[in-house]
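Structure file coords-v1.csv (CSV, C-alpha atoms) follows.
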chain,number,residue,atom,x,y,z
A,8,MET,CA,-17.6,35.7,-82.1
A,9,PRO,CA,-19.2,39.1,-81.5
A,10,GLN,CA,-22.8,38.9,-80.7
A,11,GLN,CA,-25.7,40.8,-82.2
A,12,ASN,CA,-25.5,44.6,-81.3
A,13,ALA,CA,-21.8,44.0,-80.4
A,14,MET,CA,-19.4,46.8,-80.6
A,15,GLU,CA,-17.9,47.4,-84.0
A,16,LEU,CA,-14.1,47.0,-83.9
A,17,ARG,CA,-12.2,48.9,-86.6
A,18,THR,CA,-8.4,48.9,-87.1
A,19,ARG,CA,-5.8,50.7,-89.1
A,20,ALA,CA,-2.1,49.8,-89.3
A,21,VAL,CA,-0.2,53.1,-89.1
A,22,GLY,CA,3.4,54.3,-88.8
A,23,PRO,CA,6.7,52.9,-89.9
A,24,TRP,CA,6.4,49.9,-87.4
A,25,SER,CA,2.9,49.1,-88.7
A,26,MET,CA,1.2,49.7,-85.3
A,27,ASN,CA,-2.5,48.8,-84.9
A,28,SER,CA,-4.7,51.7,-83.9
A,29,TYR,CA,-8.2,50.7,-83.0
A,30,ALA,CA,-11.7,52.3,-82.9
A,31,LEU,CA,-14.5,50.7,-80.9
A,32,VAL,CA,-18.0,51.9,-81.9
A,33,CYS,CA,-21.3,51.4,-80.3
A,34,PRO,CA,-23.7,50.3,-83.1
A,35,ASP,CA,-26.7,51.9,-81.4
A,36,THR,CA,-25.4,55.4,-80.5
A,37,ARG,CA,-22.4,55.6,-82.8
A,38,ALA,CA,-20.3,56.7,-79.8
A,39,SER,CA,-16.7,55.6,-80.2
A,40,VAL,CA,-13.3,55.6,-78.7
A,41,LEU,CA,-9.9,55.8,-80.4
A,42,ILE,CA,-7.2,53.5,-78.9
A,43,ASP,CA,-3.5,54.2,-79.5
A,44,PRO,CA,-3.2,57.1,-82.1
A,45,GLY,CA,0.2,56.1,-83.3
A,46,ALA,CA,0.5,58.0,-86.5
A,47,ASP,CA,-1.3,59.3,-89.6
A,48,PRO,CA,-4.1,61.4,-88.3
A,49,ALA,CA,-5.9,61.3,-91.7
A,50,ALA,CA,-6.1,57.5,-91.5
A,51,LEU,CA,-7.3,57.7,-88.0
A,52,ASP,CA,-10.0,60.2,-89.0
A,53,ALA,CA,-11.1,57.8,-91.7
A,54,MET,CA,-11.3,54.9,-89.3
A,55,LEU,CA,-13.6,57.0,-87.0
A,56,ALA,CA,-15.8,58.1,-89.9
A,57,GLY,CA,-19.5,57.8,-89.1
A,58,SER,CA,-19.0,57.7,-85.4
A,59,ALA,CA,-19.0,60.2,-82.5
A,60,PRO,CA,-15.7,59.9,-80.6
A,61,VAL,CA,-16.0,60.3,-76.8
A,62,ALA,CA,-12.4,59.6,-75.7
A,63,ILE,CA,-8.9,58.6,-76.6
A,64,LEU,CA,-7.5,55.6,-74.7
A,65,LEU,CA,-3.9,54.5,-74.5
A,66,THR,CA,-2.6,50.9,-74.0
A,67,HIS,CA,0.9,52.4,-73.2
A,68,THR,CA,3.2,55.3,-74.0
A,69,HIS,CA,5.8,53.9,-76.4
A,70,PRO,CA,6.3,56.4,-79.2
A,71,ASP,CA,4.8,54.2,-81.9
A,72,HIS,CA,1.5,54.2,-80.0
A,73,VAL,CA,1.3,57.9,-79.2
A,74,GLY,CA,2.9,59.6,-82.1
A,75,ALA,CA,-0.3,61.2,-83.3
A,76,LEU,CA,-1.8,61.8,-79.9
A,77,GLU,CA,-1.5,65.6,-79.8
A,78,PRO,CA,-2.9,66.2,-83.3
A,79,MET,CA,-5.8,63.8,-82.5
A,80,ARG,CA,-6.5,65.4,-79.2
A,81,ALA,CA,-6.7,68.8,-81.1
A,82,ARG,CA,-8.9,67.3,-83.8
A,83,LEU,CA,-11.3,65.4,-81.6
A,84,GLY,CA,-11.5,67.6,-78.5
A,85,VAL,CA,-12.2,64.6,-76.3
A,86,PRO,CA,-10.8,63.4,-73.0
A,87,LEU,CA,-7.6,61.3,-72.8
A,88,LEU,CA,-7.8,58.2,-70.6
A,89,ALA,CA,-4.5,56.5,-69.6
A,90,HIS,CA,-2.7,54.7,-66.9
A,91,ALA,CA,-1.2,56.9,-64.1
A,92,GLY,CA,2.4,56.0,-65.2
A,93,PRO,CA,5.3,56.1,-64.9
A,94,TYR,CA,5.4,56.7,-68.6
A,95,PHE,CA,8.1,55.9,-71.2
A,96,LYS,CA,11.2,58.0,-70.7
A,97,SER,CA,9.3,60.3,-68.3
A,98,LEU,CA,6.9,61.4,-70.9
A,99,GLN,CA,4.8,64.3,-69.7
A,100,LEU,CA,1.2,63.1,-70.3
A,101,ALA,CA,-1.8,65.2,-69.2
A,102,ALA,CA,-4.5,62.6,-68.9
A,103,ASP,CA,-8.0,63.8,-68.3
A,104,ARG,CA,-8.8,60.6,-66.5
A,105,VAL,CA,-6.4,58.1,-65.0
A,106,LEU,CA,-7.3,54.4,-65.4
A,107,ALA,CA,-6.4,51.6,-63.0
A,108,ASP,CA,-7.0,47.9,-63.1
A,109,GLY,CA,-10.8,47.2,-63.2
A,110,ASP,CA,-11.9,50.7,-64.1
A,111,THR,CA,-14.6,50.9,-66.7
A,112,VAL,CA,-15.3,53.3,-69.6
A,113,ALA,CA,-18.8,53.7,-71.0
A,114,VAL,CA,-19.0,53.9,-74.8
A,115,GLY,CA,-22.6,54.4,-75.8
A,116,ARG,CA,-24.5,51.3,-74.5
A,117,HIS,CA,-21.3,49.3,-74.1
A,118,THR,CA,-18.6,49.2,-71.4
A,119,LEU,CA,-14.9,48.7,-71.6
A,120,ARG,CA,-12.9,47.4,-68.7
A,121,ALA,CA,-9.2,48.3,-68.1
A,122,ILE,CA,-6.9,45.4,-67.2
A,123,ALA,CA,-3.4,46.3,-65.9
A,124,THR,CA,-0.8,44.1,-67.6
A,125,PRO,CA,2.7,45.6,-66.8
A,126,GLY,CA,5.9,44.1,-68.1
A,127,HIS,CA,6.4,45.5,-71.6
A,128,LEU,CA,6.0,48.9,-69.8
A,129,PRO,CA,4.7,49.7,-66.3
A,130,ASP,CA,1.8,51.7,-67.8
A,131,MET,CA,0.5,48.8,-69.9
A,132,LEU,CA,-3.3,48.4,-70.0
A,133,CYS,CA,-5.6,46.1,-72.0
A,134,TYR,CA,-9.2,46.9,-72.8
A,135,ALA,CA,-11.8,44.2,-72.6
A,136,ILE,CA,-15.3,44.7,-74.0
A,137,GLU,CA,-17.7,43.6,-71.3
A,138,GLY,CA,-20.1,40.8,-72.4
A,139,ASP,CA,-17.9,40.0,-75.3
A,140,ARG,CA,-14.8,37.9,-75.9
A,141,ARG,CA,-12.7,40.6,-77.5
A,142,VAL,CA,-9.8,42.3,-75.8
A,143,VAL,CA,-7.5,45.0,-77.2
A,144,VAL,CA,-4.2,43.9,-75.7
A,145,GLY,CA,-1.7,46.4,-77.0
A,146,ASP,CA,1.9,45.0,-76.7
A,147,THR,CA,1.1,42.7,-73.8
A,148,ILE,CA,0.9,39.6,-75.9
A,149,PHE,CA,1.2,38.6,-79.5
A,150,ASP,CA,0.5,35.6,-81.6
A,151,GLY,CA,4.1,34.6,-81.4
A,152,GLY,CA,5.2,35.7,-77.9
A,153,PRO,CA,5.0,38.2,-75.1
A,154,GLY,CA,5.9,41.9,-75.5
A,155,ARG,CA,9.5,42.9,-75.4
A,156,THR,CA,11.1,43.7,-72.0
A,157,THR,CA,14.1,45.8,-71.1
A,158,SER,CA,15.1,44.2,-67.8
A,159,ALA,CA,15.0,40.9,-66.1
A,160,ALA,CA,12.6,42.4,-63.5
A,161,ASP,CA,10.2,43.5,-66.2
A,162,PHE,CA,10.4,40.0,-67.8
A,163,LYS,CA,9.5,38.4,-64.5
A,164,THR,CA,6.6,40.8,-64.3
A,165,THR,CA,5.5,39.7,-67.8
A,166,LEU,CA,5.7,36.0,-66.6
A,167,ARG,CA,3.5,36.8,-63.6
A,168,VAL,CA,1.0,38.7,-65.8
A,169,LEU,CA,0.8,35.8,-68.3
A,170,ARG,CA,0.2,33.3,-65.4
A,171,ASP,CA,-2.1,35.3,-63.2
A,172,VAL,CA,-4.0,37.4,-65.7
A,173,ILE,CA,-3.9,36.3,-69.3
A,174,LEU,CA,-4.3,32.5,-68.7
A,175,GLY,CA,-7.4,33.3,-66.6
A,176,TRP,CA,-9.2,34.5,-69.7
A,177,HIS,CA,-11.6,32.2,-71.6
A,178,ASP,CA,-10.1,30.1,-74.4
A,179,ASP,CA,-12.5,31.9,-76.8
A,180,THR,CA,-11.0,35.3,-76.0
A,181,VAL,CA,-9.8,37.0,-79.1
A,182,CYS,CA,-6.8,39.2,-78.5
A,183,TYR,CA,-6.2,42.3,-80.7
A,184,PRO,CA,-2.5,43.2,-80.4
A,185,GLY,CA,-0.6,46.4,-81.1
A,186,HIS,CA,1.2,44.7,-84.0
A,187,GLY,CA,0.2,41.9,-86.2
A,188,SER,CA,-3.0,39.9,-86.5
A,189,GLU,CA,-5.6,39.0,-83.8
A,190,PHE,CA,-5.6,35.5,-82.4
A,191,ARG,CA,-7.7,33.2,-80.2
A,192,LEU,CA,-6.2,32.7,-76.8
A,193,GLY,CA,-7.1,29.0,-76.6
A,194,ASP,CA,-5.0,28.4,-79.7
A,195,LYS,CA,-1.9,29.7,-77.8
A,196,ARG,CA,-2.7,28.4,-74.3
A,197,ALA,CA,-0.5,25.2,-74.5
A,198,ALA,CA,2.4,27.2,-75.9
A,199,ILE,CA,2.1,29.9,-73.2
A,200,GLU,CA,1.9,27.2,-70.4
A,201,ALA,CA,5.1,25.5,-71.8
A,202,PHE,CA,6.8,28.9,-72.0
A,203,LEU,CA,6.0,29.6,-68.3
A,204,ALA,CA,7.2,26.1,-67.3
A,205,ARG,CA,10.7,26.8,-68.6
A,206,ASP,CA,13.6,28.3,-66.5
A,207,HIS,CA,14.3,31.7,-68.1
A,208,GLY,CA,17.0,32.7,-65.6
A,209,GLU,CA,17.7,36.5,-65.9
A,210,PHE,CA,16.5,36.7,-69.5
A,211,PHE,CA,14.9,39.8,-70.9
A,212,GLY,CA,14.3,41.2,-74.4
A,213,ASP,CA,12.3,39.7,-77.3
A,214,ALA,CA,10.9,36.3,-76.7
A,215,THR,CA,8.8,33.7,-78.6
A,216,TRP,CA,6.7,31.0,-77.2
A,217,GLU,CA,9.0,28.4,-78.8
Kindly present the structure from the file in C-alpha cells form.
Amino acid sequence: MPQQNAMELRTRAVGPWSMNSYALVCPDTRASVLIDPGADPAALDAMLAGSAPVAILLTHTHPDHVGALEPMRARLGVPLLAHAGPYFKSLQLAADRVLADGDTVAVGRHTLRAIATPGHLPDMLCYAIEGDRRVVVGDTIFDGGPGRTTSAADFKTTLRVLRDVILGWHDDTVCYPGHGSEFRLGDKRAAIEAFLARDHGEFFGDATWE
C-alpha cells in the first residue's frame, strides 16, 4: 500500500482499446508526469488537473499508447522522455531525453526509475516509484498473461524478462498495466513460474498464464 506522502497515482482509460493513461503526482509540490497519452486530450487534461506537469513518459510506442502524444506535447510544453528505440514501425520520435534501464526521473520530491522490459516491443519501459511498491508496467505484463509478441524471438525475450526482471520484484509489488486492472505480483507468482517452466517451442502471439 502507498505510504504517507506517497505519490498520487491517477488513471484514465482512453481510446477504442481502453488503454490506461497514468499521471503520477507529487503530493507536496504538485509536480506531475503524464505516462502514455493514448487518446482523448480533454480526458488527459482532466486527469492532470491541479498538478504541474514536468514531463511526458512513454512505456512504448504502439499507436494506442501515443495517439494523443503530439497534442499533449503542444498543450503541456514539457519534455518527452522515452526509450532510444527502435520504435514501432520506425516511428519518428523526437524525445527530449532518452531513458535506459536504471535511469531516474525526478518528480517533485519523488523519483521514478526506468526498467527496460523488452519483448512486447524493443522500446518497452516500466516505471517504478522508488520507496514504493507500485510500478507502471505498460504492456509488459497483465493480470492474465504477458504482453503480445510478434515473433518467436520476441517471445523468448519476454520469457527472459519475466524470469530475470519481473520475478525479482517483491510479492507486494502492485503492477499498473496498459490495459485492465492493477494486480499484486505475489498473487500471480505461482502462475508465472508455472508458465516459465513449460516448453513453448517457437510460440509467439497472445498468451495466458494458463
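Coordinates place atom CA of Cys182 of chain A at a distance of 23.5 Å from atom CA of Ala91 of chain A.
Remark: for Pro78 of chain A, the closest of the candidate residues A:Gly151, A:Gly57, A:Gly109, A:Pro44 is A:Pro44 (distances computed over only C-alpha atoms).
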Residue nearest Arg116 of chain A - candidates A:Ala38, A:Ala30, A:Val181, A:Ala197, atoms counted: all atoms listed in the file: A:Ala38
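Of note, atom CA of Thr36 of chain A and atom CA of Ala62 of chain A are spaced 14.5 Å apart.
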Selection: 7 Å around Arg120 of chain A, only C-alpha atoms, excl. self and same-chain fewer than 2 positions, as number ranges by chain: A: 109-112, 118, 122, 134-137
Residue subset to file, keeping C-alpha atoms, as a short mmCIF file (atom, residue, chain, number, x, y, z; two decimals), in the frame of the given file:
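This is the output file out34.cif:
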data_model
loop_
_atom_site.label_atom_id
_atom_site.label_comp_id
_atom_site.auth_asym_id
_atom_site.auth_seq_id
_atom_site.Cartn_x
_atom_site.Cartn_y
_atom_site.Cartn_z
CA GLY A 109 -10.80 47.20 -63.20
CA ASP A 110 -11.90 50.70 -64.10
CA THR A 111 -14.60 50.90 -66.70
CA VAL A 112 -15.30 53.30 -69.60
CA THR A 118 -18.60 49.20 -71.40
CA ILE A 122 -6.90 45.40 -67.20
CA TYR A 134 -9.20 46.90 -72.80
CA ALA A 135 -11.80 44.20 -72.60
CA ILE A 136 -15.30 44.70 -74.00
CA GLU A 137 -17.70 43.60 -71.30
#
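Interatomic distance, atom CA of Pro184 of chain A against atom CA of Val144 of chain A: 5.0 Å.
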Residue among A:Val40, A:Leu166, A:Ala46, A:Ala75 lying closest to His127 of chain A, counting only C-alpha atoms: A:Leu166
Residue nearest Arg17 of chain A among A:Phe149, A:Tyr183, A:Phe210, A:Tyr94 (counting only C-alpha atoms): A:Tyr183
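If only C-alpha atoms are the atoms counted, then among A:Leu119, A:Val21, A:Ala49, A:Leu16 the closest residue to Val73 of chain A is A:Val21.
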Using all atoms listed in the file, which residues sit within 9 Å of His177 of chain A once same-chain residues fewer than 2 positions away are excluded, as a compact mmCIF listing (two decimals) with C-alpha atoms, keeping the file's coordinate frame?
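Dumped everything to part_21.txt:
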# COMPACT_ATOMS: atom_id res chain seq x y z
CA ARG A 140 -14.80 37.90 -75.90
CA LEU A 174 -4.30 32.50 -68.70
CA GLY A 175 -7.40 33.30 -66.60
CA ASP A 179 -12.50 31.90 -76.80
CA THR A 180 -11.00 35.30 -76.00
CA LEU A 192 -6.20 32.70 -76.80
CA GLY A 193 -7.10 29.00 -76.60
Contacts of Gly145 of chain A at 8 Å (all atoms listed in the file; same-chain gap of 2+ positions) as a ChimeraX atom specification: /A:66-67,131-133,143,147-148,183-186
Within-6 Å shell of (-2.9, 41.8, -68.0) in input frame, all atoms listed in the file, as a VMD selection string: chain A and resid 122 to 124 168 172 to 173
Nearby residues (all atoms listed in the file) at most 12 Å from Ala159 of chain A, same-chain spacing under 4 positions excluded, as a ChimeraX atom specification: /A:126-127,155,163-166,207-213
Nearest to Asp43 of chain A by atom-to-atom distance, counting only C-alpha atoms, from A:Leu55, A:Ile199, A:Leu31, A:Leu65: A:Leu65
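With all atoms listed in the file taken into account, the protein and nucleic acid residues at most 10 Å from Asp47 of chain A (excluding it and anything under 4 positions from it in its own chain) are Arg19, Ala20, Val21, Gly22, Leu51, Asp52, Gly74, Ala75, Pro78 and Met79 of chain A.
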Please save C-alpha atoms of the selected residues as a PDB file, in the coordinates of the input.
ATOM      1  CA  ARG A  19      -5.800  50.700 -89.100  1.00  0.00           C
ATOM      2  CA  ALA A  20      -2.100  49.800 -89.300  1.00  0.00           C
ATOM      3  CA  VAL A  21      -0.200  53.100 -89.100  1.00  0.00           C
ATOM      4  CA  GLY A  22       3.400  54.300 -88.800  1.00  0.00           C
ATOM      5  CA  LEU A  51      -7.300  57.700 -88.000  1.00  0.00           C
ATOM      6  CA  ASP A  52     -10.000  60.200 -89.000  1.00  0.00           C
ATOM      7  CA  GLY A  74       2.900  59.600 -82.100  1.00  0.00           C
ATOM      8  CA  ALA A  75      -0.300  61.200 -83.300  1.00  0.00           C
ATOM      9  CA  PRO A  78      -2.900  66.200 -83.300  1.00  0.00           C
ATOM     10  CA  MET A  79      -5.800  63.800 -82.500  1.00  0.00           C
TER      11      MET A  79
END
Sel. within 7 Å of pt (-1.8, 56.0, -63.7), counting all atoms listed in the file, output as a PyMOL selection string: chain A and resi 89-92+105-107+130
Keeping N, CA and C atoms (and nothing else), can you write segment 10-46 of chain A of this structure as a tab-separated table (two decimals), in the first residue's frame?
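The resulting file, out-v9.tsv, is shown below:
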chain	number	residue	atom	x	y	z
A	10	GLN	N	2.52	4.65	1.03
A	10	GLN	CA	2.79	5.19	2.35
A	10	GLN	C	2.36	6.66	2.41
A	11	GLN	N	2.44	7.22	3.62
A	11	GLN	CA	2.11	8.63	3.80
A	11	GLN	C	3.03	9.48	2.92
A	12	ASN	N	2.46	10.50	2.29
A	12	ASN	CA	3.17	11.38	1.36
A	12	ASN	C	3.62	10.65	0.10
A	13	ALA	N	3.01	9.48	-0.17
A	13	ALA	CA	3.32	8.74	-1.39
A	13	ALA	C	2.78	9.50	-2.59
A	14	MET	N	3.34	9.19	-3.75
A	14	MET	CA	2.85	9.80	-4.98
A	14	MET	C	1.38	9.44	-5.19
A	15	GLU	N	0.65	10.40	-5.70
A	15	GLU	CA	-0.73	10.15	-6.11
A	15	GLU	C	-0.71	9.54	-7.51
A	16	LEU	N	-1.39	8.42	-7.67
A	16	LEU	CA	-1.47	7.76	-8.97
A	16	LEU	C	-2.89	7.91	-9.50
A	17	ARG	N	-3.01	8.54	-10.66
A	17	ARG	CA	-4.31	8.73	-11.29
A	17	ARG	C	-4.32	7.96	-12.62
A	18	THR	N	-5.47	7.52	-13.05
A	18	THR	CA	-5.55	6.82	-14.32
A	18	THR	C	-6.83	7.17	-15.05
A	19	ARG	N	-6.75	7.11	-16.38
A	19	ARG	CA	-7.92	7.25	-17.24
A	19	ARG	C	-7.81	6.19	-18.33
A	20	ALA	N	-8.90	5.50	-18.58
A	20	ALA	CA	-8.97	4.57	-19.71
A	20	ALA	C	-9.42	5.36	-20.92
A	21	VAL	N	-8.58	5.40	-21.95
A	21	VAL	CA	-8.86	6.23	-23.13
A	21	VAL	C	-8.73	5.39	-24.40
A	22	GLY	N	-9.36	5.88	-25.46
A	22	GLY	CA	-9.22	5.26	-26.76
A	22	GLY	C	-10.10	4.05	-26.98
A	23	PRO	N	-10.19	3.58	-28.22
A	23	PRO	CA	-11.08	2.46	-28.56
A	23	PRO	C	-10.66	1.14	-27.95
A	24	TRP	N	-9.39	1.00	-27.57
A	24	TRP	CA	-8.91	-0.24	-26.94
A	24	TRP	C	-8.83	-0.11	-25.42
A	25	SER	N	-9.41	0.95	-24.89
A	25	SER	CA	-9.44	1.19	-23.44
A	25	SER	C	-8.05	1.05	-22.84
A	26	MET	N	-7.16	1.93	-23.30
A	26	MET	CA	-5.77	1.94	-22.83
A	26	MET	C	-5.65	2.83	-21.60
A	27	ASN	N	-4.89	2.38	-20.61
A	27	ASN	CA	-4.72	3.14	-19.37
A	27	ASN	C	-3.62	4.18	-19.51
A	28	SER	N	-3.99	5.45	-19.48
A	28	SER	CA	-3.02	6.52	-19.30
A	28	SER	C	-2.91	6.80	-17.80
A	29	TYR	N	-1.72	7.22	-17.38
A	29	TYR	CA	-1.48	7.45	-15.96
A	29	TYR	C	-0.89	8.83	-15.73
A	30	ALA	N	-1.18	9.39	-14.56
A	30	ALA	CA	-0.49	10.57	-14.06
A	30	ALA	C	0.03	10.24	-12.67
A	31	LEU	N	1.27	10.58	-12.41
A	31	LEU	CA	1.87	10.44	-11.09
A	31	LEU	C	2.15	11.84	-10.57
A	32	VAL	N	1.65	12.13	-9.37
A	32	VAL	CA	1.68	13.49	-8.83
A	32	VAL	C	2.37	13.49	-7.47
A	33	CYS	N	3.35	14.39	-7.31
A	33	CYS	CA	3.98	14.58	-6.00
A	33	CYS	C	3.00	15.35	-5.11
A	34	PRO	N	2.64	14.81	-3.94
A	34	PRO	CA	1.63	15.48	-3.12
A	34	PRO	C	2.13	16.77	-2.48
A	35	ASP	N	3.44	16.93	-2.37
A	35	ASP	CA	4.00	18.11	-1.72
A	35	ASP	C	4.16	19.29	-2.68
A	36	THR	N	4.67	19.00	-3.89
A	36	THR	CA	4.96	20.07	-4.84
A	36	THR	C	3.92	20.19	-5.95
A	37	ARG	N	3.09	19.16	-6.13
A	37	ARG	CA	2.09	19.04	-7.20
A	37	ARG	C	2.73	18.83	-8.56
A	38	ALA	N	4.05	18.63	-8.62
A	38	ALA	CA	4.69	18.25	-9.87
A	38	ALA	C	4.12	16.90	-10.32
A	39	SER	N	3.97	16.74	-11.64
A	39	SER	CA	3.40	15.50	-12.15
A	39	SER	C	4.06	15.09	-13.46
A	40	VAL	N	3.87	13.82	-13.81
A	40	VAL	CA	4.22	13.33	-15.14
A	40	VAL	C	3.01	12.63	-15.73
A	41	LEU	N	2.89	12.73	-17.04
A	41	LEU	CA	1.87	12.03	-17.80
A	41	LEU	C	2.52	10.83	-18.47
A	42	ILE	N	1.96	9.64	-18.27
A	42	ILE	CA	2.50	8.42	-18.86
A	42	ILE	C	1.52	7.87	-19.89
A	43	ASP	N	1.98	7.71	-21.12
A	43	ASP	CA	1.23	7.12	-22.22
A	43	ASP	C	-0.04	7.90	-22.58
A	44	PRO	N	0.13	9.03	-23.28
A	44	PRO	CA	-1.03	9.81	-23.73
A	44	PRO	C	-1.66	9.16	-24.97
A	45	GLY	N	-2.53	8.18	-24.73
A	45	GLY	CA	-3.02	7.36	-25.83
A	45	GLY	C	-4.09	8.01	-26.68
A	46	ALA	N	-4.98	8.79	-26.07
A	46	ALA	CA	-6.09	9.39	-26.79
A	46	ALA	C	-6.78	10.39	-25.87
